[in-house]
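Structure below is model_7.txt: compact mmCIF, C-alpha atoms and all ligand atoms.
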# COMPACT_ATOMS: atom_id res chain seq x y z
CA MET N 1 88.19 41.76 -22.05
CA ALA N 2 90.73 44.55 -21.98
CA ASN N 3 94.46 43.95 -22.59
CA THR N 4 95.33 42.02 -19.47
CA ILE N 5 98.59 41.06 -17.82
CA LEU N 6 98.22 37.96 -15.72
CA VAL N 7 100.92 37.39 -13.10
CA GLY N 8 101.59 34.93 -10.33
CA ALA N 9 101.46 36.73 -6.98
CA GLN N 10 103.47 34.12 -5.05
CA TRP N 11 106.32 31.71 -5.90
CA GLY N 12 104.84 30.24 -9.07
CA ASP N 13 102.42 27.34 -9.49
CA GLU N 14 99.50 29.54 -8.48
CA GLY N 15 97.19 27.76 -10.90
CA LYS N 16 97.76 30.35 -13.63
CA GLY N 17 97.31 27.81 -16.44
CA LYS N 18 93.69 27.25 -15.59
CA ILE N 19 92.88 30.95 -15.14
CA ILE N 20 94.67 31.78 -18.39
CA ASP N 21 92.64 29.10 -20.16
CA PHE N 22 89.48 30.54 -18.64
CA LEU N 23 90.30 34.14 -19.67
CA THR N 24 91.44 33.09 -23.11
CA GLU N 25 87.81 32.64 -24.08
CA GLN N 26 87.50 36.44 -24.15
CA ALA N 27 90.96 37.17 -25.63
CA ASP N 28 91.99 37.14 -29.28
CA VAL N 29 95.72 36.78 -28.75
CA VAL N 30 97.64 35.10 -25.89
CA VAL N 31 101.28 36.04 -25.32
CA ARG N 32 104.13 34.46 -23.34
CA SER N 33 106.74 37.11 -22.66
CA GLN N 34 109.30 35.56 -20.30
CA GLY N 35 110.71 32.31 -18.95
CA GLY N 36 111.14 29.13 -20.90
CA ASN N 37 110.26 25.49 -20.54
CA ASN N 38 110.95 25.75 -16.82
CA ALA N 39 107.24 26.64 -16.64
CA GLY N 40 104.54 24.02 -16.56
CA HIS N 41 100.91 24.96 -17.01
CA THR N 42 98.39 22.23 -16.45
CA VAL N 43 94.98 22.65 -18.05
CA ILE N 44 92.18 20.10 -17.87
CA VAL N 45 89.54 20.33 -20.60
CA GLY N 46 86.70 17.82 -20.85
CA GLY N 47 88.59 15.36 -18.66
CA THR N 48 91.75 15.53 -20.80
CA LYS N 49 94.90 16.84 -19.18
CA TYR N 50 97.26 19.05 -21.16
CA VAL N 51 100.62 20.12 -19.76
CA LEU N 52 102.15 23.08 -21.55
CA HIS N 53 105.66 24.33 -21.00
CA LEU N 54 106.35 26.92 -23.67
CA ILE N 55 103.26 27.20 -25.82
CA PRO N 56 100.57 29.47 -24.35
CA SER N 57 97.51 27.55 -23.16
CA GLY N 58 95.43 29.59 -25.62
CA ILE N 59 96.43 26.88 -28.10
CA LEU N 60 93.66 24.72 -26.63
CA ARG N 61 90.94 27.10 -27.87
CA PRO N 62 90.15 27.30 -31.56
CA GLY N 63 90.54 30.70 -33.20
CA LYS N 64 93.09 32.12 -30.74
CA VAL N 65 96.57 33.17 -31.77
CA CYS N 66 99.41 32.30 -29.39
CA VAL N 67 102.61 34.31 -29.40
CA ILE N 68 105.96 33.33 -27.90
CA GLY N 69 107.48 36.78 -27.42
CA ASN N 70 111.01 38.12 -27.61
CA GLY N 71 111.50 37.85 -23.83
CA VAL N 72 111.10 34.06 -23.77
CA VAL N 73 114.07 31.68 -23.97
CA VAL N 74 113.15 28.89 -26.34
CA ASP N 75 114.50 25.37 -26.46
CA PRO N 76 113.56 24.65 -30.08
CA VAL N 77 113.79 20.88 -29.66
CA ALA N 78 111.40 21.10 -26.69
CA VAL N 79 108.88 23.33 -28.54
CA ALA N 80 108.95 21.03 -31.56
CA ALA N 81 108.22 18.10 -29.22
CA GLU N 82 105.45 20.09 -27.51
CA ILE N 83 103.83 20.77 -30.88
CA ASP N 84 104.02 17.04 -31.74
CA GLY N 85 102.52 16.12 -28.36
CA LEU N 86 99.60 18.54 -28.83
CA GLU N 87 98.96 17.22 -32.31
CA LYS N 88 98.85 13.67 -30.92
CA GLN N 89 96.21 14.91 -28.47
CA GLY N 90 94.16 16.24 -31.41
CA ILE N 91 95.16 19.94 -31.18
CA ALA N 92 96.19 21.36 -34.56
CA VAL N 93 99.17 23.72 -34.36
CA SER N 94 100.05 25.88 -37.36
CA ARG N 95 101.09 29.40 -38.30
CA GLN N 96 97.40 30.26 -37.89
CA ASN N 97 97.52 29.78 -34.12
CA LEU N 98 101.20 30.01 -33.11
CA ILE N 99 103.95 32.51 -33.87
CA ILE N 100 107.40 32.72 -32.31
CA SER N 101 109.51 35.88 -32.04
CA ASP N 102 112.59 36.00 -34.22
CA CYS N 103 114.32 37.76 -31.29
CA ALA N 104 113.62 35.05 -28.70
CA HIS N 105 116.88 33.57 -27.46
CA LEU N 106 117.67 29.88 -27.79
CA VAL N 107 118.34 27.49 -24.95
CA LEU N 108 121.20 25.23 -26.05
CA PRO N 109 122.48 21.98 -24.55
CA TYR N 110 125.47 23.71 -22.94
CA HIS N 111 123.05 25.91 -21.00
CA ARG N 112 121.43 22.82 -19.53
CA VAL N 113 124.74 21.19 -18.62
CA ILE N 114 126.07 24.40 -17.04
CA ASP N 115 122.81 24.82 -15.09
CA GLU N 116 123.16 21.28 -13.77
CA GLN N 117 126.88 21.61 -13.01
CA ARG N 118 126.45 24.91 -11.16
CA GLU N 119 123.75 23.35 -9.03
CA LEU N 120 125.98 20.36 -8.24
CA LYS N 121 128.82 22.68 -7.31
CA LYS N 122 126.61 24.72 -5.00
CA GLY N 123 125.78 21.56 -3.04
CA LYS N 124 123.46 22.37 -0.17
CA ASN N 125 123.25 26.00 -1.30
CA LYS N 126 121.74 24.99 -4.64
CA ILE N 127 118.86 27.05 -6.05
CA GLY N 128 116.83 23.98 -6.93
CA THR N 129 116.45 24.97 -10.59
CA THR N 130 114.43 22.98 -13.10
CA LYS N 131 117.76 22.21 -14.87
CA ARG N 132 116.30 23.43 -18.16
CA GLY N 133 119.25 25.79 -18.75
CA ILE N 134 117.20 28.92 -18.13
CA GLY N 135 119.75 30.88 -16.06
CA PRO N 136 122.70 30.28 -18.40
CA ALA N 137 120.54 31.10 -21.46
CA TYR N 138 119.49 34.47 -20.00
CA GLY N 139 123.11 34.93 -18.91
CA ASP N 140 124.27 34.59 -22.52
CA LYS N 141 121.55 37.00 -23.64
CA ALA N 142 122.78 39.64 -21.19
CA ALA N 143 126.40 38.92 -22.12
CA ARG N 144 125.44 39.39 -25.79
CA VAL N 145 126.67 35.98 -26.87
CA GLY N 146 123.27 34.31 -27.24
CA LEU N 147 121.81 32.76 -30.39
CA ARG N 148 118.29 33.71 -31.40
CA MET N 149 115.38 32.23 -33.35
CA SER N 150 116.36 34.39 -36.33
CA ASP N 151 119.76 32.64 -36.32
CA LEU N 152 118.09 29.24 -36.24
CA ALA N 153 116.04 30.20 -39.30
CA GLN N 154 119.30 30.63 -41.26
CA PRO N 155 121.02 27.22 -41.19
CA GLU N 156 124.42 28.37 -42.47
CA LEU N 157 124.67 31.30 -40.10
CA PHE N 158 123.40 29.17 -37.22
CA THR N 159 125.98 26.46 -37.94
CA GLU N 160 128.79 28.98 -37.92
CA LYS N 161 127.67 30.70 -34.71
CA LEU N 162 126.95 27.40 -32.97
CA ALA N 163 130.43 26.07 -33.75
CA ALA N 164 132.01 29.07 -32.00
CA ARG N 165 129.68 28.82 -29.00
CA ILE N 166 130.27 25.10 -28.58
CA GLU N 167 134.02 25.59 -28.79
CA GLU N 168 133.91 28.17 -25.98
CA ASN N 169 131.40 26.28 -23.86
CA ASN N 170 133.24 22.97 -24.13
CA VAL N 171 136.12 24.67 -22.31
CA VAL N 172 133.68 25.66 -19.58
CA LEU N 173 132.19 22.16 -19.45
CA SER N 174 135.58 20.53 -19.11
CA ALA N 175 136.43 22.94 -16.26
CA PHE N 176 133.33 21.56 -14.52
CA GLY N 177 134.53 18.02 -15.29
CA ALA N 178 131.55 17.44 -17.61
CA GLU N 179 131.58 15.70 -20.99
CA PRO N 180 132.17 18.06 -23.92
CA LEU N 181 129.31 18.42 -26.43
CA LYS N 182 129.52 16.97 -29.92
CA PHE N 183 129.01 19.83 -32.35
CA GLU N 184 127.46 17.70 -35.15
CA GLU N 185 124.89 16.13 -32.81
CA VAL N 186 123.73 19.49 -31.49
CA ARG N 187 123.70 21.05 -34.95
CA ASP N 188 121.63 18.25 -36.45
CA ALA N 189 119.06 18.20 -33.65
CA TYR N 190 118.68 21.99 -33.68
CA LEU N 191 118.53 22.34 -37.44
CA ALA N 192 115.84 19.64 -37.58
CA ALA N 193 113.83 21.51 -34.93
CA GLY N 194 114.55 24.79 -36.75
CA LYS N 195 113.14 23.37 -39.96
CA LYS N 196 109.93 22.43 -38.19
CA LEU N 197 109.68 25.81 -36.46
CA ALA N 198 110.66 27.99 -39.46
CA PRO N 199 107.06 28.71 -40.52
CA PHE N 200 106.27 30.05 -37.03
CA ILE N 201 109.15 32.54 -36.76
CA GLU N 202 108.49 36.24 -37.38
CA ASN N 203 108.66 39.73 -35.88
CA THR N 204 106.01 39.35 -33.17
CA VAL N 205 106.27 43.01 -32.12
CA VAL N 206 104.85 44.05 -35.48
CA TYR N 207 102.20 41.32 -35.27
CA LEU N 208 101.10 42.50 -31.81
CA HIS N 209 100.94 46.16 -32.84
CA GLU N 210 98.78 45.26 -35.82
CA ALA N 211 96.55 43.25 -33.51
CA LEU N 212 96.26 46.26 -31.17
CA LYS N 213 95.41 48.55 -34.08
CA ALA N 214 92.68 46.16 -35.16
CA GLY N 215 91.22 46.35 -31.63
CA ARG N 216 92.03 42.74 -30.81
CA GLU N 217 92.33 41.91 -27.13
CA ILE N 218 95.53 40.51 -25.75
CA LEU N 219 96.18 38.37 -22.72
CA PHE N 220 99.77 38.29 -21.43
CA GLU N 221 100.27 35.06 -19.54
CA GLY N 222 102.92 35.23 -16.89
CA ALA N 223 105.07 32.23 -16.05
CA GLN N 224 106.53 31.57 -12.58
CA GLY N 225 105.59 34.11 -9.88
CA THR N 226 106.47 37.46 -8.33
CA PHE N 227 108.95 36.09 -5.79
CA LEU N 228 110.86 34.26 -8.51
CA ASP N 229 111.44 37.56 -10.35
CA ILE N 230 115.12 38.23 -11.02
CA ASP N 231 114.80 41.79 -9.62
CA HIS N 232 111.99 41.61 -7.09
CA GLY N 233 112.13 38.01 -5.91
CA THR N 234 114.04 36.26 -3.14
CA TYR N 235 117.39 36.57 -4.95
CA PRO N 236 119.35 34.38 -5.64
CA TYR N 237 116.56 31.81 -5.16
CA VAL N 238 114.74 33.10 -8.22
CA THR N 239 114.45 32.39 -11.91
CA SER N 240 116.32 34.54 -14.44
CA SER N 241 113.53 36.61 -16.00
CA ASN N 242 111.17 39.41 -14.96
CA THR N 243 108.12 37.47 -13.91
CA THR N 244 106.35 40.64 -12.73
CA ALA N 245 104.02 42.83 -14.79
CA GLY N 246 106.77 44.96 -16.35
CA GLY N 247 108.19 41.84 -17.99
CA ALA N 248 105.07 41.61 -20.15
CA CYS N 249 106.04 44.91 -21.80
CA THR N 250 109.75 44.31 -22.33
CA GLY N 251 109.17 40.69 -23.26
CA SER N 252 106.60 41.46 -25.95
CA GLY N 253 107.31 44.96 -27.23
CA VAL N 254 103.84 46.17 -26.24
CA PRO N 255 104.19 49.49 -24.40
CA PRO N 256 102.91 50.01 -20.82
CA HIS N 257 100.13 52.45 -21.73
CA ARG N 258 98.46 49.79 -23.89
CA MET N 259 97.96 47.55 -20.86
CA ASP N 260 94.52 47.92 -19.27
CA ARG N 261 94.61 45.76 -16.19
CA VAL N 262 96.78 43.44 -14.13
CA LEU N 263 95.26 40.29 -12.72
CA GLY N 264 97.17 38.57 -9.91
CA VAL N 265 96.72 34.85 -9.42
CA MET N 266 97.35 33.34 -6.01
CA LYS N 267 96.53 30.16 -4.17
CA ALA N 268 94.40 30.19 -1.04
CA TYR N 269 97.60 29.01 0.66
CA THR N 270 101.26 29.25 -0.37
CA THR N 271 103.63 26.84 -2.15
CA ARG N 272 107.18 26.95 -3.37
CA VAL N 273 109.37 24.52 -5.35
CA GLY N 274 113.12 24.60 -5.14
CA GLU N 275 115.18 26.06 -2.34
CA GLY N 276 115.02 29.48 -0.70
CA PRO N 277 113.26 31.18 2.20
CA PHE N 278 109.58 30.47 2.75
CA PRO N 279 108.41 32.06 6.01
CA THR N 280 104.99 30.37 6.28
CA GLU N 281 106.17 26.87 5.31
CA ASN N 282 104.35 24.26 7.35
CA ASP N 283 104.83 20.49 7.43
CA GLU N 284 101.27 19.73 8.47
CA ILE N 285 99.81 21.56 5.45
CA SER N 286 102.43 20.02 3.15
CA ASN N 287 101.55 16.51 4.34
CA MET N 288 97.83 17.16 4.14
CA LEU N 289 98.01 18.45 0.55
CA HIS N 290 100.44 15.76 -0.61
CA ASP N 291 98.21 13.07 0.93
CA MET N 292 95.37 14.50 -1.16
CA GLY N 293 97.63 13.96 -4.22
CA ARG N 294 98.04 17.72 -4.68
CA GLU N 295 101.08 19.94 -5.09
CA PHE N 296 103.43 17.96 -7.28
CA GLY N 297 105.23 20.00 -9.97
CA ALA N 298 104.05 19.86 -13.61
CA THR N 299 107.58 20.21 -15.00
CA THR N 300 109.76 18.17 -12.66
CA GLY N 301 107.22 16.17 -10.63
CA ARG N 302 108.84 17.47 -7.44
CA ALA N 303 106.69 17.70 -4.32
CA ARG N 304 106.08 21.38 -3.65
CA ARG N 305 106.74 22.90 -0.24
CA CYS N 306 103.47 24.17 1.23
CA GLY N 307 102.46 26.67 3.90
CA TRP N 308 99.83 29.12 5.12
CA PHE N 309 98.73 32.10 3.05
CA ASP N 310 101.36 34.82 3.24
CA ALA N 311 99.75 38.24 2.95
CA VAL N 312 103.08 40.00 3.52
CA ALA N 313 104.22 38.50 0.24
CA THR N 314 100.99 39.13 -1.70
CA ARG N 315 100.78 42.73 -0.42
CA TYR N 316 104.22 43.33 -1.92
CA ALA N 317 103.22 41.50 -5.10
CA GLY N 318 100.28 43.89 -5.32
CA MET N 319 102.69 46.84 -5.26
CA VAL N 320 105.27 45.53 -7.70
CA ASN N 321 102.74 44.37 -10.27
CA GLY N 322 100.00 46.95 -9.75
CA ILE N 323 97.46 44.17 -9.26
CA ASP N 324 93.91 45.44 -9.84
CA GLU N 325 92.07 42.16 -9.62
CA LEU N 326 92.67 38.81 -7.99
CA ALA N 327 92.02 35.23 -8.93
CA ILE N 328 92.28 32.92 -5.91
CA THR N 329 92.79 29.27 -6.76
CA ASN N 330 92.88 25.91 -4.97
CA MET N 331 90.26 27.02 -2.46
CA ASP N 332 89.09 23.40 -2.20
CA GLY N 333 92.53 22.38 -0.86
CA LEU N 334 91.58 23.91 2.51
CA ASP N 335 88.09 22.35 2.74
CA THR N 336 88.86 20.01 5.63
CA LEU N 337 90.59 22.40 8.04
CA ALA N 338 88.90 23.49 11.27
CA THR N 339 91.08 26.59 11.64
CA ILE N 340 93.05 28.43 8.99
CA ARG N 341 95.97 30.74 9.56
CA ILE N 342 96.89 33.83 7.55
CA CYS N 343 100.27 35.49 7.91
CA THR N 344 99.62 39.23 8.15
CA HIS N 345 103.11 40.40 9.21
CA TYR N 346 106.63 39.15 9.72
CA ARG N 347 108.48 39.67 12.96
CA LEU N 348 112.17 40.52 12.60
CA ASP N 349 114.36 41.36 15.60
CA GLY N 350 111.31 42.46 17.57
CA ASN N 351 109.89 44.66 14.77
CA LEU N 352 106.70 44.00 12.83
CA LEU N 353 107.14 44.18 9.03
CA ASP N 354 104.29 44.48 6.57
CA VAL N 355 106.43 43.93 3.46
CA PRO N 356 109.22 41.38 3.06
CA PRO N 357 112.83 42.53 3.62
CA SER N 358 114.97 42.46 0.45
CA ASP N 359 117.94 40.93 2.23
CA LEU N 360 118.01 37.16 2.09
CA GLY N 361 119.55 36.78 5.55
CA GLN N 362 116.88 38.98 7.09
CA LEU N 363 114.07 37.21 5.24
CA THR N 364 115.37 33.87 6.47
CA ARG N 365 115.16 35.14 10.05
CA CYS N 366 111.60 36.50 9.71
CA GLU N 367 108.94 34.81 11.78
CA PRO N 368 105.38 34.84 10.54
CA VAL N 369 102.71 36.56 12.62
CA TYR N 370 99.37 34.86 12.13
CA GLU N 371 95.72 35.61 12.54
CA GLU N 372 93.27 32.71 12.60
CA MET N 373 89.97 32.25 10.88
CA PRO N 374 87.47 29.41 11.26
CA GLY N 375 87.48 26.86 8.41
CA TRP N 376 84.33 25.81 6.54
CA GLN N 377 84.79 22.01 6.66
CA THR N 378 82.47 21.56 3.67
CA PRO N 379 83.45 20.50 0.14
CA THR N 380 83.53 23.55 -2.16
CA HIS N 381 84.36 21.84 -5.47
CA GLU N 382 80.75 21.98 -6.65
CA ALA N 383 80.27 25.69 -5.94
CA ARG N 384 79.61 27.65 -9.13
CA ASN N 385 78.46 30.97 -7.67
CA TRP N 386 79.69 33.16 -4.86
CA LYS N 387 76.60 32.37 -2.79
CA ASP N 388 77.26 28.61 -3.14
CA LEU N 389 80.39 28.99 -1.02
CA PRO N 390 80.09 28.51 2.77
CA ALA N 391 80.01 31.80 4.69
CA ASN N 392 83.39 31.07 6.33
CA ALA N 393 84.97 30.44 2.92
CA ARG N 394 83.61 33.78 1.67
CA SER N 395 84.96 35.58 4.73
CA TYR N 396 88.36 33.96 4.23
CA LEU N 397 88.52 35.01 0.57
CA GLU N 398 87.41 38.55 1.39
CA ARG N 399 90.13 38.79 4.01
CA LEU N 400 92.82 37.63 1.55
CA ALA N 401 91.71 40.26 -0.97
CA GLU N 402 91.63 42.96 1.70
CA LEU N 403 95.14 42.12 2.89
CA THR N 404 96.45 42.04 -0.70
CA ASP N 405 94.65 45.32 -1.45
CA ALA N 406 92.98 44.21 -4.68
CA ARG N 407 89.49 43.35 -5.87
CA LEU N 408 88.49 39.69 -5.81
CA ALA N 409 87.41 38.74 -9.33
CA ILE N 410 87.71 34.95 -9.71
CA VAL N 411 87.69 31.97 -7.34
CA SER N 412 88.74 28.52 -8.48
CA VAL N 413 87.45 25.44 -6.63
CA GLY N 414 88.97 22.70 -8.80
CA PRO N 415 91.04 22.07 -11.88
CA ASN N 416 88.22 21.97 -14.46
CA ARG N 417 87.03 24.94 -16.49
CA GLU N 418 83.57 24.86 -14.96
CA GLN N 419 84.92 24.88 -11.39
CA THR N 420 85.33 28.64 -11.58
CA ILE N 421 83.37 31.34 -9.78
CA VAL N 422 83.34 34.80 -11.37
CA LEU N 423 82.41 37.69 -9.11
P1 LIG N 501 115.01 27.91 -13.08
O1 LIG N 501 113.95 28.83 -13.59
O2 LIG N 501 114.92 26.53 -13.66
O3 LIG N 501 116.37 28.49 -13.19
O4 LIG N 501 114.77 27.69 -11.51
C1 LIG N 501 114.95 28.74 -10.57
C2 LIG N 501 113.91 28.67 -9.47
O5 LIG N 501 112.62 28.96 -10.02
C3 LIG N 501 113.78 27.29 -8.81
O6 LIG N 501 113.42 27.48 -7.46
C4 LIG N 501 112.61 26.67 -9.54
O7 LIG N 501 111.96 25.68 -8.77
C5 LIG N 501 111.73 27.89 -9.74
N1 LIG N 501 110.83 27.77 -10.89
C6 LIG N 501 111.13 27.88 -12.19
N2 LIG N 501 110.04 27.73 -12.95
C7 LIG N 501 109.02 27.53 -12.11
C8 LIG N 501 107.62 27.35 -12.30
O8 LIG N 501 107.08 27.35 -13.41
N3 LIG N 501 106.89 27.19 -11.15
C9 LIG N 501 107.45 27.23 -9.92
N4 LIG N 501 108.74 27.41 -9.71
C10 LIG N 501 109.53 27.56 -10.79
Same coordinates, now as structure tokens:
Amino acid sequence: MANTILVGAQWGDEGKGKIIDFLTEQADVVVRSQGGNNAGHTVIVGGTKYVLHLIPSGILRPGKVCVIGNGVVVDPVAVAAEIDGLEKQGIAVSRQNLIISDCAHLVLPYHRVIDEQRELKKGKNKIGTTKRGIGPAYGDKAARVGLRMSDLAQPELFTEKLAARIEENNVVLSAFGAEPLKFEEVRDAYLAAGKKLAPFIENTVVYLHEALKAGREILFEGAQGTFLDIDHGTYPYVTSSNTTAGGACTGSGVPPHRMDRVLGVMKAYTTRVGEGPFPTENDEISNMLHDMGREFGATTGRARRCGWFDAVATRYAGMVNGIDELAITNMDGLDTLATIRICTHYRLDGNLLDVPPSDLGQLTRCEPVYEEMPGWQTPTHEARNWKDLPANARSYLERLAELTDARLAIVSVGPNREQTIVL
């Protein structure tokens, strides 16, 4: 496997966790380069379910090194708990298989409270965040007042910096009418987590460059999806990091010319959690998938909004990320439908658009233009090869790849590792 950037081509929850786990077999190093514990990757191995929020899913495979890069925002208490949880499930986590960038910024309790308070204040215009403090943590990073993993590794320095940050943020919290934070409580919880994480903290840029020099292959696992990107997504209904391919470079310190391919992951339909425009949203599909027990969030348990496949969105995702190859997941979710719709264009004020408008107001007014394809009405979850899929399912997949302008490489027909078709 070449050095691969894996990105979500929709609004997140594309089933990246499973594809990452699948590709990790061929990788030596797996890197997270953006986002925080707003992400939730579900991986099922041998009937056991693992839900990962910050630690790359490569942790589930022996011999792989997982890196939390500089572009990630880390809640140290949450990572420490994630490590404990994995160990309880029999997965050993040590410096041998996990390293965390000393430059990664910390998510602190005031970030979470501010996230929550801003959402409350926005009322019906809320973003629908995961309330993990992601936006305020990236805000502090950009404002140059953030604390980093390297600070946490130095208890005295951390204590001093934290005191100043809590003093300032308690003023903000009281302006929101929220309870002020107790400095000692935060300090103690963070220093305890810091002690546990200290062996994992180092300069991951240097580690990754040494790995490249040694010819080791790297998989960059994206979190969230293209339309949640802070620059290219449906702003302001986005997350606060660059979820698109460029984020893998800035968030890891690996330069663009060392990347060999970009793999886009997308569902055979579309979903979105949180608020914001979603042109192909459809109640019938939402109800059908929820009745099947599908499409509930791994992080917050929220029911996801569901709709038809949106090729206007994935076409744009192909451009922004430079997607070479596609993995299409959740194919089996459409097994029962007699007719399936694909949105090929949006209609806005009488004009046909083949890429989404950047303006939120315009996007909200876009109406999807559909083409229809016959369904296959046959279970696909046991298909293991391309030829095992019904002809109509193959035609549907080929059409999605054609509209997205990328080569179809992987099809997933269920959550387990073996339910994967490689073309
Ligand atoms: P935040 O990242 O918690 O600030 O949330 C901002 C938006 O991104 C909200 O619409 C969330 O639902 C969405 N979001 C954040 N992380 C994920 C994810 O891992 N999957 C899907 N949506 C996400």
What does the list of residues within 8 Å of ligand LIG 501 (chain N) look like if you count all atoms listed in the file, written as a PyMOL selection string? chain N and resi 11-13+35-41+115+127-135+223-225+228+237-240+272-276+297+299
The selected residues should be written to file as a CSV table (one decimal), in the frame of the given file (atoms: C-alpha atoms).
chain,number,residue,atom,x,y,z
N,11,TRP,CA,106.3,31.7,-5.9
N,12,GLY,CA,104.8,30.2,-9.1
N,13,ASP,CA,102.4,27.3,-9.5
N,35,GLY,CA,110.7,32.3,-19.0
N,36,GLY,CA,111.1,29.1,-20.9
N,37,ASN,CA,110.3,25.5,-20.5
N,38,ASN,CA,111.0,25.8,-16.8
N,39,ALA,CA,107.2,26.6,-16.6
N,40,GLY,CA,104.5,24.0,-16.6
N,41,HIS,CA,100.9,25.0,-17.0
N,115,ASP,CA,122.8,24.8,-15.1
N,127,ILE,CA,118.9,27.0,-6.0
N,128,GLY,CA,116.8,24.0,-6.9
N,129,THR,CA,116.4,25.0,-10.6
N,130,THR,CA,114.4,23.0,-13.1
N,131,LYS,CA,117.8,22.2,-14.9
N,132,ARG,CA,116.3,23.4,-18.2
N,133,GLY,CA,119.2,25.8,-18.8
N,134,ILE,CA,117.2,28.9,-18.1
N,135,GLY,CA,119.8,30.9,-16.1
N,223,ALA,CA,105.1,32.2,-16.0
N,224,GLN,CA,106.5,31.6,-12.6
N,225,GLY,CA,105.6,34.1,-9.9
N,228,LEU,CA,110.9,34.3,-8.5
N,237,TYR,CA,116.6,31.8,-5.2
N,238,VAL,CA,114.7,33.1,-8.2
N,239,THR,CA,114.4,32.4,-11.9
N,240,SER,CA,116.3,34.5,-14.4
N,272,ARG,CA,107.2,27.0,-3.4
N,273,VAL,CA,109.4,24.5,-5.4
N,274,GLY,CA,113.1,24.6,-5.1
N,275,GLU,CA,115.2,26.1,-2.3
N,276,GLY,CA,115.0,29.5,-0.7
N,297,GLY,CA,105.2,20.0,-10.0
N,299,THR,CA,107.6,20.2,-15.0
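Picture a line from CA of Thr4 (chain N) to CA of Pro76 (chain N); it runs 27.3 Å.
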Surrounding residues of region 179-196 of chain N excluding itself and chain neighbours under 5 positions, 6 Å, all atoms listed in the file, as number ranges by chain: N: 76-77, 80, 152, 170
Which residues of region 16-87 of chain N sit at most 9 Å from region 205-211 of chain N, using only C-alpha atoms? Give each one's shortest atom pair and distance in Å (one decimal place), in chain and ascending residue order, as a tab-separated table.
residue	atom	partner	partner_atom	distance
N:Asp28	CA	N:Ala211	CA	8.7
N:Val29	CA	N:Ala211	CA	8.1
N:Val67	CA	N:Leu208	CA	8.7
N:Gly69	CA	N:Val205	CA	7.9
N:Asn70	CA	N:Val205	CA	8.2
Coordinates-based distance that separates CA of Pro56 (chain N) from CA of Gly15 (chain N) (Å, one decimal):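 CA of Pro56 (chain N) lies 14.0 Å from CA of Gly15 (chain N).
The space between CA of Glu160 (chain N) and CA of Arg32 (chain N) spans 29.2 Å.
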With a cut-off of 12 Å, could you pull out the residues of region 202-254 of chain N touching region 362-385 of chain N and give me the nearest pair of atoms for each, distance in Å to one decimal, using only C-alpha atoms, ordered by chain and ascending number, as JSON lines?
{"residue": "N:Gly233", "atom": "CA", "partner": "N:Leu363", "partner_atom": "CA", "distance": 11.3}
{"residue": "N:Thr234", "atom": "CA", "partner": "N:Leu363", "partner_atom": "CA", "distance": 8.4}
{"residue": "N:Tyr235", "atom": "CA", "partner": "N:Leu363", "partner_atom": "CA", "distance": 10.7}
{"residue": "N:Tyr237", "atom": "CA", "partner": "N:Thr364", "partner_atom": "CA", "distance": 11.9}
Which residue gives the smallest distance to Val30 (chain N) among N:Phe158, N:Tyr50, N:Phe220, N:Phe227, with all atoms listed in the file counted?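 Checking each of N:Phe158, N:Tyr50, N:Phe220, N:Phe227 against Val30 (chain N), counting all atoms listed in the file, the winner is N:Phe220.
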